[in-house]
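S.K.: Structure file work07.txt (compact mmCIF, C-alpha atoms) right here:
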```txt
# COMPACT_ATOMS: atom_id res chain seq x y z
CA MET A 1 0.00 0.00 0.00
CA THR A 2 2.82 2.45 0.83
CA GLU A 3 4.26 1.55 -2.56
CA PHE A 4 1.02 2.67 -4.17
CA TRP A 5 1.06 6.04 -2.37
CA ASP A 6 4.76 6.48 -3.09
CA MET A 7 4.16 6.21 -6.86
CA GLY A 8 7.78 5.37 -7.68
CA GLY A 9 8.97 8.40 -5.71
CA TYR A 10 6.69 10.80 -7.59
CA GLY A 11 3.77 10.69 -5.14
CA ALA A 12 4.53 14.26 -4.05
CA PHE A 13 3.67 15.47 -7.56
CA ILE A 14 1.00 12.98 -8.59
CA TRP A 15 -1.30 13.20 -5.55
CA PRO A 16 -1.42 17.00 -5.45
CA SER A 17 -2.34 16.92 -9.17
CA TYR A 18 -5.33 14.68 -8.46
CA GLY A 19 -6.14 16.55 -5.25
CA ILE A 20 -6.30 19.99 -6.84
CA SER A 21 -8.30 18.59 -9.77
CA ALA A 22 -10.86 17.12 -7.36
CA LEU A 23 -10.95 20.37 -5.38
CA VAL A 24 -11.49 22.67 -8.35
CA LEU A 25 -14.06 20.44 -10.06
CA LEU A 26 -15.98 19.87 -6.83
CA GLY A 27 -15.81 23.60 -6.12
CA LEU A 28 -17.36 24.37 -9.52
CA VAL A 29 -20.17 21.85 -8.97
CA LEU A 30 -20.96 22.94 -5.40
CA GLY A 31 -20.63 26.62 -6.28
CA GLY A 32 -23.23 26.05 -9.00
CA ILE A 33 -25.62 24.27 -6.65
CA VAL A 34 -25.36 27.03 -4.02
CA ARG A 35 -25.85 29.80 -6.60
CA MET A 36 -28.84 27.98 -8.13
CA ARG A 37 -30.54 27.85 -4.71
CA GLN A 38 -29.78 31.54 -4.01
CA VAL A 39 -31.18 32.70 -7.34
CA GLN A 40 -34.23 30.45 -7.12
CA SER A 41 -35.18 31.77 -3.68
CA ALA A 42 -34.55 35.40 -4.69
CA LEU A 43 -36.69 34.87 -7.78
CA ALA A 44 -39.46 33.20 -5.79
CA GLU A 45 -40.05 36.45 -3.88
CA PHE A 46 -40.76 38.37 -7.06
CA GLU A 47 -42.71 35.73 -8.89
CA GLN A 48 -45.06 34.98 -6.00
CA GLU A 49 -45.91 38.67 -5.66
CA SER A 50 -47.22 39.11 -9.15
CA PRO A 51 -47.67 35.75 -10.86
CA GLN A 52 -49.95 37.20 -13.54
CA THR A 53 -47.23 39.45 -14.95
CA THR A 54 -44.34 36.99 -14.89
CA GLY A 55 -46.15 33.82 -15.94
CA GLN A 56 -45.30 30.31 -14.83
CA SER A 57 -41.79 29.56 -13.62
CA ALA A 58 -39.55 27.58 -15.92
CA MET B 1 -30.91 26.15 -32.15
CA PHE B 2 -33.19 29.15 -32.66
CA GLY B 3 -36.11 27.40 -31.01
CA TYR B 4 -34.01 27.56 -27.88
CA ALA B 5 -33.54 31.32 -28.16
CA ASN B 6 -36.62 31.22 -25.93
CA PRO B 7 -35.15 30.92 -22.40
CA ARG B 8 -38.14 28.98 -21.08
CA ARG B 9 -37.89 26.28 -23.70
CA PHE B 10 -34.17 26.01 -23.10
CA GLN B 11 -34.77 25.78 -19.32
CA LEU B 12 -37.19 22.90 -19.73
CA LEU B 13 -34.88 20.92 -22.00
CA ALA B 14 -31.72 21.65 -19.98
CA ALA B 15 -33.38 20.70 -16.69
CA ARG B 16 -34.42 17.39 -18.20
CA ILE B 17 -30.98 16.54 -19.67
CA GLU B 18 -28.74 17.79 -16.85
CA PRO B 19 -29.21 14.98 -14.27
CA TRP B 20 -28.36 12.33 -16.88
CA VAL B 21 -25.19 14.14 -17.87
CA TRP B 22 -24.12 14.25 -14.21
CA VAL B 23 -24.75 10.51 -13.84
CA ALA B 24 -22.85 9.72 -17.04
CA SER B 25 -19.91 11.90 -15.99
CA VAL B 26 -19.65 10.27 -12.56
CA ILE B 27 -19.68 6.78 -14.09
CA CYS B 28 -17.12 7.76 -16.71
CA LEU B 29 -14.94 9.50 -14.13
CA SER B 30 -14.96 6.44 -11.85
CA ILE B 31 -13.85 4.16 -14.67
CA GLY B 32 -11.29 6.73 -15.82
CA LEU B 33 -9.79 7.13 -12.35
CA TYR B 34 -9.59 3.38 -11.84
CA LEU B 35 -7.79 2.96 -15.18
CA SER B 36 -5.52 5.94 -14.51
CA LEU B 37 -4.41 4.98 -11.01
CA PHE B 38 -4.55 1.17 -10.94
CA VAL B 39 -4.54 -0.29 -14.45
CA SER B 40 -2.26 1.94 -16.53
CA PRO B 41 1.40 0.91 -16.44
CA PRO B 42 4.13 3.47 -15.75
CA ASP B 43 5.47 5.06 -18.92
CA TYR B 44 8.93 3.91 -20.05
CA GLN B 45 10.24 7.48 -20.07
CA GLN B 46 8.03 9.39 -17.62
CA GLY B 47 7.63 6.57 -15.11
CA GLU B 48 4.67 7.03 -12.77
CA THR B 49 4.36 10.74 -13.56
CA VAL B 50 2.46 9.75 -16.70
CA ARG B 51 -0.52 9.50 -14.33
CA ILE B 52 -0.50 13.29 -14.09
CA MET B 53 -1.17 13.31 -17.85
CA PHE B 54 -4.57 11.69 -17.22
CA VAL B 55 -5.78 14.79 -15.39
CA HIS B 56 -3.59 17.32 -17.23
CA VAL B 57 -4.33 16.62 -20.91
CA PRO B 58 -8.16 16.39 -20.56
CA ALA B 59 -8.17 19.64 -18.56
CA ALA B 60 -6.20 21.35 -21.34
CA TRP B 61 -8.57 19.96 -23.98
CA ILE B 62 -11.63 21.26 -22.15
CA ALA B 63 -9.90 24.60 -21.52
CA MET B 64 -9.75 25.07 -25.29
CA ILE B 65 -13.08 23.43 -26.18
CA ALA B 66 -14.85 25.63 -23.63
CA TYR B 67 -13.32 28.73 -25.16
CA GLY B 68 -14.24 27.59 -28.67
CA ALA B 69 -17.85 27.01 -27.56
CA MET B 70 -17.87 30.38 -25.80
CA ALA B 71 -16.64 32.09 -28.99
CA ALA B 72 -19.27 30.32 -31.13
CA ALA B 73 -21.99 31.34 -28.66
CA SER B 74 -20.65 34.91 -28.55
CA ALA B 75 -20.82 35.15 -32.34
CA THR B 76 -24.37 33.75 -32.29
CA GLY B 77 -25.36 36.25 -29.63
CA LEU B 78 -23.81 39.18 -31.50
CA ILE B 79 -25.24 38.35 -34.91
CA TRP B 80 -28.72 37.07 -34.04
CA ARG B 81 -29.31 38.72 -30.65
CA HIS B 82 -29.77 35.24 -29.25
CA VAL B 83 -30.19 35.76 -25.49
CA VAL B 84 -29.59 32.16 -24.50
CA ALA B 85 -26.38 32.12 -26.56
CA ASP B 86 -25.13 35.17 -24.64
CA LEU B 87 -25.99 33.52 -21.34
CA PHE B 88 -24.41 30.23 -22.42
CA ALA B 89 -21.19 32.11 -23.21
CA ARG B 90 -21.32 33.83 -19.85
CA ALA B 91 -21.92 30.50 -18.10
CA SER B 92 -18.95 28.91 -19.89
CA ALA B 93 -16.36 31.35 -18.59
CA PRO B 94 -15.94 30.22 -14.96
CA VAL B 95 -15.98 26.58 -16.04
CA GLY B 96 -13.36 27.21 -18.74
CA ALA B 97 -11.26 29.21 -16.30
CA GLY B 98 -11.37 26.31 -13.83
CA PHE B 99 -10.18 23.78 -16.39
CA THR B 100 -7.46 26.16 -17.65
CA PHE B 101 -6.26 26.65 -14.09
CA LEU B 102 -6.09 22.87 -13.67
CA ALA B 103 -4.16 22.44 -16.92
CA LEU B 104 -1.63 25.03 -15.72
CA VAL B 105 -1.22 23.65 -12.20
CA THR B 106 -1.08 19.95 -13.10
CA GLY B 107 1.31 20.75 -15.95
CA SER B 108 3.49 22.57 -13.49
CA LEU B 109 3.42 19.62 -11.07
CA TRP B 110 4.49 17.36 -13.94
CA GLY B 111 7.15 19.79 -15.15
CA ARG B 112 8.97 19.91 -11.83
CA PRO B 113 10.09 16.24 -11.80
CA MET B 114 10.28 15.83 -15.60
CA TRP B 115 11.72 19.14 -16.85
CA GLY B 116 13.28 20.20 -13.57
CA THR B 117 11.15 23.34 -13.35
CA TYR B 118 7.60 24.31 -12.42
CA TRP B 119 7.40 26.94 -15.12
CA VAL B 120 9.07 28.12 -18.32
CA TRP B 121 8.00 31.08 -20.43
CA ASP B 122 7.69 29.06 -23.60
CA ALA B 123 5.00 29.42 -26.24
CA ARG B 124 2.62 26.68 -25.08
CA LEU B 125 2.71 27.58 -21.41
CA THR B 126 2.51 31.30 -22.02
CA SER B 127 -0.40 31.01 -24.47
CA MET B 128 -2.28 28.85 -21.93
CA LEU B 129 -1.66 31.49 -19.27
CA ILE B 130 -3.07 34.09 -21.68
CA LEU B 131 -6.14 31.87 -22.14
CA PHE B 132 -6.62 31.89 -18.37
CA PHE B 133 -6.41 35.70 -18.28
CA LEU B 134 -8.84 35.95 -21.21
CA TYR B 135 -11.38 33.98 -19.19
CA LEU B 136 -10.83 36.22 -16.16
CA GLY B 137 -11.05 39.37 -18.28
CA TYR B 138 -14.26 38.11 -19.85
CA ILE B 139 -15.82 37.48 -16.43
CA ALA B 140 -14.67 40.89 -15.17
CA LEU B 141 -16.15 42.64 -18.21
CA TRP B 142 -19.58 41.08 -17.64
CA GLN B 143 -19.46 42.24 -14.05
CA ALA B 144 -18.20 45.73 -14.87
CA ILE B 145 -21.07 46.72 -17.20
CA GLU B 146 -24.47 47.06 -15.57
CA ASP B 147 -26.62 47.04 -18.71
CA GLN B 148 -26.86 43.32 -19.51
CA THR B 149 -27.29 43.85 -23.25
CA LYS B 150 -24.22 46.07 -23.48
CA ALA B 151 -22.25 43.73 -21.22
CA ALA B 152 -23.11 40.79 -23.46
CA ARG B 153 -21.96 42.66 -26.55
CA ALA B 154 -18.68 43.90 -25.06
CA ALA B 155 -17.86 40.49 -23.60
CA ALA B 156 -18.68 38.77 -26.90
CA ILE B 157 -16.28 41.07 -28.76
CA LEU B 158 -13.52 40.42 -26.21
CA CYS B 159 -14.13 36.68 -26.50
CA LEU B 160 -14.00 36.74 -30.32
CA VAL B 161 -10.83 38.83 -30.42
CA GLY B 162 -9.26 36.49 -27.88
CA SER B 163 -10.13 33.43 -29.93
CA ILE B 164 -7.05 34.17 -32.05
CA ASN B 165 -5.21 32.63 -29.10
CA LEU B 166 -6.74 29.17 -29.76
CA PRO B 167 -4.77 28.31 -32.92
CA ILE B 168 -1.72 29.84 -31.27
CA ILE B 169 -2.06 27.39 -28.36
CA LYS B 170 -2.70 24.44 -30.67
CA PHE B 171 0.21 25.09 -33.03
CA SER B 172 2.59 26.67 -30.50
CA VAL B 173 4.42 23.36 -30.18
CA ASP B 174 5.05 23.28 -33.94
CA TRP B 175 5.74 26.96 -34.58
CA TRP B 176 8.23 27.57 -31.80
CA ASN B 177 10.95 25.66 -30.08
CA THR B 178 9.38 24.55 -26.87
CA LEU B 179 9.92 22.25 -23.96
CA HIS B 180 6.34 21.06 -24.31
CA GLN B 181 5.95 17.86 -26.32
CA PRO B 182 4.11 18.05 -29.67
CA ALA B 183 0.61 16.67 -30.26
CA SER B 184 0.45 12.92 -29.73
CA VAL B 185 -3.31 12.18 -29.79
CA ALA B 186 -4.94 14.52 -32.34
CA ARG B 187 -2.54 13.79 -35.21
CA LEU B 188 -3.30 13.29 -38.89
CA ASN B 189 -1.66 9.86 -38.92
CA GLY B 190 -3.26 8.67 -35.70
CA PRO B 191 -2.21 8.79 -32.06
CA SER B 192 1.36 7.88 -31.24
CA ILE B 193 0.57 6.68 -27.72
CA HIS B 194 0.42 3.04 -26.66
CA PRO B 195 -3.18 1.83 -26.04
CA ALA B 196 -2.35 1.04 -22.38
CA ILE B 197 -1.91 4.75 -21.79
CA LEU B 198 -4.18 6.09 -24.54
CA THR B 199 -7.27 4.27 -23.18
CA PRO B 200 -7.29 5.85 -19.70
CA LEU B 201 -6.49 9.20 -21.30
CA LEU B 202 -9.48 9.01 -23.64
CA VAL B 203 -11.83 7.78 -20.89
CA MET B 204 -10.73 10.68 -18.68
CA GLY B 205 -11.15 12.98 -21.69
CA LEU B 206 -14.74 11.79 -22.12
CA ALA B 207 -15.38 12.14 -18.38
CA TYR B 208 -14.09 15.73 -18.41
CA MET B 209 -16.15 16.46 -21.53
CA LEU B 210 -19.31 15.21 -19.79
CA LEU B 211 -18.45 17.14 -16.61
CA TYR B 212 -17.93 20.29 -18.63
CA PHE B 213 -21.25 19.79 -20.40
CA ALA B 214 -23.11 19.22 -17.11
CA MET B 215 -21.48 22.27 -15.51
CA VAL B 216 -22.29 24.49 -18.48
CA LEU B 217 -25.92 23.32 -18.55
CA GLN B 218 -26.18 24.03 -14.82
CA ARG B 219 -24.61 27.46 -15.12
CA THR B 220 -26.61 28.44 -18.21
CA ARG B 221 -29.78 27.60 -16.27
CA ILE B 222 -28.50 29.78 -13.42
CA ALA B 223 -27.61 32.61 -15.82
CA ILE B 224 -31.13 32.54 -17.29
CA LEU B 225 -32.66 32.80 -13.81
CA GLU B 226 -30.22 35.59 -12.90
CA HIS B 227 -31.22 37.40 -16.08
CA ARG B 228 -34.87 37.16 -15.06
CA LEU B 229 -34.00 38.30 -11.55
CA ALA B 230 -32.12 41.32 -12.94
CA ILE B 231 -35.22 42.31 -14.94
CA HIS B 232 -37.40 42.07 -11.81
CA LEU B 233 -34.93 44.15 -9.82
CA ARG B 234 -34.82 46.80 -12.54
CA ASP B 235 -38.63 46.94 -12.77
CA ASP B 236 -38.77 47.27 -9.01
CA ALA B 237 -36.24 50.11 -9.03
CA ASP B 238 -38.24 51.86 -11.77
CA ARG B 239 -41.41 51.53 -9.72
CA VAL B 240 -39.73 53.04 -6.65
CA SER B 241 -38.27 55.98 -8.58
CA GLN B 242 -41.57 56.88 -10.21
```
Would it be possible to restate this file's structure as structure tokens?

M.R.:
Amino acid sequence: MTEFWDMGGYGAFIWPSYGISALVLLGLVLGGIVRMRQVQSALAEFEQESPQTTGQSA
Amino acid sequence: MFGYANPRRFQLLAARIEPWVWVASVICLSIGLYLSLFVSPPDYQQGETVRIMFVHVPAAWIAMIAYGAMAAASATGLIWRHVVADLFARASAPVGAGFTFLALVTGSLWGRPMWGTYWVWDARLTSMLILFFLYLGYIALWQAIEDQTKAARAAAILCLVGSINLPIIKFSVDWWNTLHQPASVARLNGPSIHPAILTPLLVMGLAYMLLYFAMVLQRTRIAILEHRLAIHLRDDADRVSQ
């Protein structure tokens, strides 16, 4: 198992590469989910007030 | 394409497709990671560091594909006043910037053990750095201009002017002397990589492609809602000032 993590002596470069990739990609996904919720709830305030002028929500 | 100039129709379709693209990307990513970390043999020259290539090369591909898609959408928005195209372009920028950042950082982490340096100012690396700044500039421009229609137009022009950088990135390894290796997958006479390493690379490429697509769908949906929110806020402000 240590051999696997060592990666022929290059573990110090390989694991950070995978780590930062996971971090950035996950950050993009989660950032999107959070923003979607924020915008949806902000929009709900307006579109419940005057549903006849804004129509049905998409 | 023009049927989906109507944001509501686009919303409905995108909301239906998006979950499936997420599922497909997770499956593909799991297979890709398994192949990359456990199945692929070490390269005869790069040793184990070839595994960095499995997250580096796909990130660089998407960095360029995302910009190409953003440029196509910008042109569509400029010429046909296609609102969804403008919002798609806007939604692409943070995603493209993320992948470009990853290409730069993972490349750097590979360069240290293989070239002996984290960074060189050669044509490929520099043009990728410029791509990253183009994305950031594009995002900043959208934020700097309050009028959404004007912001869309200015950002689209910046994006189209910047697209000259794409062929420069692609051919930088042929036009200039560079430390970066030349193309080895997208070549006229076929890839020059052994299948044992090419397979995980292509699976990871597909996984990144699907991830990019899912992220852009998600963010275009957000951008459409934000656009609607901005209109409500403006109407509200008008009502107060009257």

S.K.: Could you list, as a PDB file with C-alpha atoms, in the frame of the given file, every residue of chain A that has an atom within 7 Å of an atom of chain B, counting all atoms listed in the file?

M.R.:
```
ATOM      1  CA  MET A   7       4.160   6.210  -6.860  1.00  0.00           C
ATOM      2  CA  GLY A   8       7.780   5.370  -7.680  1.00  0.00           C
ATOM      3  CA  TYR A  10       6.690  10.800  -7.590  1.00  0.00           C
ATOM      4  CA  PHE A  13       3.670  15.470  -7.560  1.00  0.00           C
ATOM      5  CA  ILE A  14       1.000  12.980  -8.590  1.00  0.00           C
ATOM      6  CA  SER A  17      -2.340  16.920  -9.170  1.00  0.00           C
ATOM      7  CA  TYR A  18      -5.330  14.680  -8.460  1.00  0.00           C
ATOM      8  CA  SER A  21      -8.300  18.590  -9.770  1.00  0.00           C
ATOM      9  CA  VAL A  24     -11.490  22.670  -8.350  1.00  0.00           C
ATOM     10  CA  VAL A  29     -20.170  21.850  -8.970  1.00  0.00           C
ATOM     11  CA  GLY A  32     -23.230  26.050  -9.000  1.00  0.00           C
ATOM     12  CA  MET A  36     -28.840  27.980  -8.130  1.00  0.00           C
ATOM     13  CA  VAL A  39     -31.180  32.700  -7.340  1.00  0.00           C
ATOM     14  CA  LEU A  43     -36.690  34.870  -7.780  1.00  0.00           C
ATOM     15  CA  PHE A  46     -40.760  38.370  -7.060  1.00  0.00           C
ATOM     16  CA  ALA A  58     -39.550  27.580 -15.920  1.00  0.00           C
TER      17      ALA A  58
END
```

S.K.: Nearest to Trp176 (chain B): which of B:Arg234, B:Arg124, B:Arg16, B:Lys150 is it, counting only C-alpha atoms?

M.R.: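 Closest residue, counting only C-alpha atoms: B:Arg124.
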
S.K.: What is the CA of Asn165 (chain B) to CA of Thr100 (chain B) distance in Å?

M.R.: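 Result for CA of Asn165 (chain B) versus CA of Thr100 (chain B): 13.3 Å, one decimal.
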
S.K.: If you measure from CA of Val240 (chain B) to CA of Gln148 (chain B), what distance in Å do you get, rounded to one decimal?

M.R.: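 Going from CA of Val240 (chain B) over to CA of Gln148 (chain B), I get 20.6 Å.
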
S.K.: Between CA of Val23 (chain B) and CA of Leu25 (chain A), what is the distance, to one decimal in Å?

M.R.: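 Calculated distance between CA of Val23 (chain B) and CA of Leu25 (chain A) is 15.1 Å.
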
S.K.: Which of these residues is nearest to Trp121 (chain B), using all atoms listed in the file: B:Ile169, B:Leu179, B:Leu134, B:Val39?

M.R.: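 Nearest to Trp121 (chain B): B:Leu179.
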
S.K.: Using all atoms listed in the file, pick whichever of B:Tyr135, B:Trp22, B:Leu29, B:Ala196 has the shortest atom-to-atom distance to Gly162 (chain B).

M.R.: B:Tyr135
